[in-house]
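One structure is given here, and the rest of the page talks about it.
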Amino acid sequence: MSLLSVSGVETRYGRVPALFGVDLTVGEGEFVSVLGHNGMGKSTLLKTIMGFLPTSEGRIEFEGTPLKGSPTEARARAGIGYVPQGRQIFPTLSVMENLRMGCLLSKSPEDQKIEEILQAFPRLTRLLGRAGGALSGGEQQLLALARCLCGDPRLILLDEPTEGIQPSIIEEMIETLHGLKASHAITLLLVEQNLNFITQLSERVMILKRGRITGEVPQSAIGDTRAMEDVAAQLM
Ligand SMILES: Nc1ncnc2c1ncn2[C@@H]1O[C@H](COP(=O)(O)OP(=O)(O)OP(=O)(O)O)[C@@H](O)[C@H]1O
């Protein structure tokens with residue numbers, strides 16, 4: 001059974017459709033990505049899974065339980081973590097306070113959880129007292145991911161984490177996510193337009209174009225930037 005199953009999902013903004021019957025599954029422990037240009041519906045897909053936008057058609061199941069009608073908070077409690085595009089950390093709260101907010105959903109003791117998460121994000125350890133808004137964009141992105149992980153999510157929905165981020169932090173994020181995959185058995189659904197980032201992190205890649213999944217990158221092309229570029233050029 002998949003951890004997440006999305007089938008025939010349609011989402012509209014008012015009367016204007018943005019997703020047209022999207023199907024995808026994410027298995028436990030899998031890293032799955034959705035690649036698409038600007039405006040193709042990537043953020044809409046994650047917002048729909050998280051319950052910020054209602055589905056007009058289709059079905060979303062998490063661990064086999066239908067999510068229809070379930071509010072965002074219940075989805076978060078069920079184990080779906082969301083790192084939105086633009087990060088949305090609390091700018092006036094310190095890094096530590098941001099992490100504490102993330103721990104509200106965790107069942108582990110707060111100090112223990114934060115210590116565990118900081119081991120995966122050493123750069124944040126030096127910044128704990130600084131206001132979130134005084135971090136660089138890349139540091140804020142790391143904080144947003146770390147804060148999400150503080151809530152013990154089973155599945156992480158990650159929206160364009162590389163947008164506007166310096167290459168060194170992108171590399172750090174890739175390493176951190178690889179480490180987390182190995183040690184925490186996290187499951188990831190990533191939406192991105194950065195092909196290099198997707199290539200390095202994904203076991204399966206779907207292409208989203210104008211609200212429709214136009215295809216999946218063949219397994220033989222996964223991890224091979226040149227082959228991925230060829231497939232993406234045909235499907236995007
Ligand atoms: N609040 C909104 N109201 C109306 N239309 C919207 C709204 N948000 C997004 N859309 C439209 O829905 C479509 C998909 O947008 P979405 O933000 O999901 O794309 P995206 O692939 O995440 O792109 P980007 O990388 O630019 O964020 C676009 O045509 C967009 O204009």
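Residues are named by chain letter and number: chains run A, B, ... in the order of the structure tokens, numbers start at 1 in each chain, and ligands are numbered from 1 in the order shown.
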Q. Hey, what's within 6 Å of Ile89 of chain A if we count only C-alpha atoms and toss same-chain stuff fewer than 2 positions away? As a list in words, please?
A.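 My reading of the contact set: Arg87, Pro91 and Ala144 of chain A.
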Resulting file, chosen residues, C-alpha atoms, as a PDB file, in the first residue's frame:
```pdb
ATOM      1  CA  ARG A  87       9.598  29.103   3.420  1.00  0.00           C
ATOM      2  CA  PRO A  91      10.663  36.116  11.006  1.00  0.00           C
ATOM      3  CA  ALA A 144      11.841  25.647   7.385  1.00  0.00           C
TER       4      ALA A 144
END
```
Q: Excluding Thr55 of chain A and any residue of its chain fewer than 2 positions from it, enumerate the residues within 9 Å of it, using only C-alpha atoms, and give them as a list in words.
A: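 The neighbour list is Val9, Glu10, Thr11, Arg12, Thr48, Ile49, Gly51, Leu53, Glu57, Gly58, Arg59, Ile60 and Lys68 of chain A.
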Selected residues, C-alpha atoms, written as a PDB file, in the first residue's frame, please.
```
ATOM      1  CA  VAL A   9      -7.621  14.962  -8.443  1.00  0.00           C
ATOM      2  CA  GLU A  10      -9.045  18.173  -9.827  1.00  0.00           C
ATOM      3  CA  THR A  11      -8.583  21.536  -8.120  1.00  0.00           C
ATOM      4  CA  ARG A  12     -10.068  24.852  -9.159  1.00  0.00           C
ATOM      5  CA  THR A  48      -4.496  20.358  -2.271  1.00  0.00           C
ATOM      6  CA  ILE A  49      -2.828  17.393  -0.546  1.00  0.00           C
ATOM      7  CA  GLY A  51      -6.075  20.584   2.509  1.00  0.00           C
ATOM      8  CA  LEU A  53      -7.514  23.925  -1.325  1.00  0.00           C
ATOM      9  CA  GLU A  57     -13.006  15.703  -8.060  1.00  0.00           C
ATOM     10  CA  GLY A  58     -10.852  12.756  -7.145  1.00  0.00           C
ATOM     11  CA  ARG A  59      -9.454  11.105  -4.086  1.00  0.00           C
ATOM     12  CA  ILE A  60      -6.445  11.583  -1.796  1.00  0.00           C
ATOM     13  CA  LYS A  68     -11.635  14.324   1.784  1.00  0.00           C
TER      14      LYS A  68
END
```
Q.
Using DSSP secondary structure from the backbone, list all strand (DSSP E or B) positions within segment 15-208 of chain A, as a ChimeraX atom specification.
A. /A:16-26,31-35,55-62,65-66,80-83,94,131,155-159,187-192,204-208
**Q.** Spatial neighbours of Ser94 of chain A, 9 Å, only C-alpha atoms, chain gap at least 6 places, as an MDAnalysis selection string
**A.** chainID A and resid 127:133
Just-selected residues, N, CA and C atoms written as a PDB file, in the first residue's frame:
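Saved file part11.pdb follows:
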```
ATOM      1  N   LEU A 127      23.195  29.453  14.865  1.00  0.00           N
ATOM      2  CA  LEU A 127      22.273  30.566  14.612  1.00  0.00           C
ATOM      3  C   LEU A 127      21.062  30.554  15.543  1.00  0.00           C
ATOM      4  N   LEU A 128      21.101  29.730  16.575  1.00  0.00           N
ATOM      5  CA  LEU A 128      19.884  29.480  17.367  1.00  0.00           C
ATOM      6  C   LEU A 128      19.249  30.733  17.964  1.00  0.00           C
ATOM      7  N   GLY A 129      20.095  31.730  18.316  1.00  0.00           N
ATOM      8  CA  GLY A 129      19.556  32.928  18.960  1.00  0.00           C
ATOM      9  C   GLY A 129      19.142  34.010  17.983  1.00  0.00           C
ATOM     10  N   ARG A 130      19.449  33.795  16.712  1.00  0.00           N
ATOM     11  CA  ARG A 130      19.183  34.852  15.731  1.00  0.00           C
ATOM     12  C   ARG A 130      17.715  34.822  15.260  1.00  0.00           C
ATOM     13  N   ALA A 131      17.161  36.009  14.965  1.00  0.00           N
ATOM     14  CA  ALA A 131      15.788  36.066  14.458  1.00  0.00           C
ATOM     15  C   ALA A 131      15.716  35.383  13.097  1.00  0.00           C
ATOM     16  N   GLY A 132      14.652  34.639  12.867  1.00  0.00           N
ATOM     17  CA  GLY A 132      14.482  33.932  11.595  1.00  0.00           C
ATOM     18  C   GLY A 132      14.610  34.859  10.403  1.00  0.00           C
ATOM     19  N   GLY A 133      14.052  36.081  10.536  1.00  0.00           N
ATOM     20  CA  GLY A 133      14.068  37.038   9.433  1.00  0.00           C
ATOM     21  C   GLY A 133      15.456  37.571   9.137  1.00  0.00           C
TER      22      GLY A 133
END
```
Q: Could you please determine the separation between atom CA of Leu104 of chain A and atom CA of Arg77 of chain A in Å, to one decimal place?
A: 10.0 Å
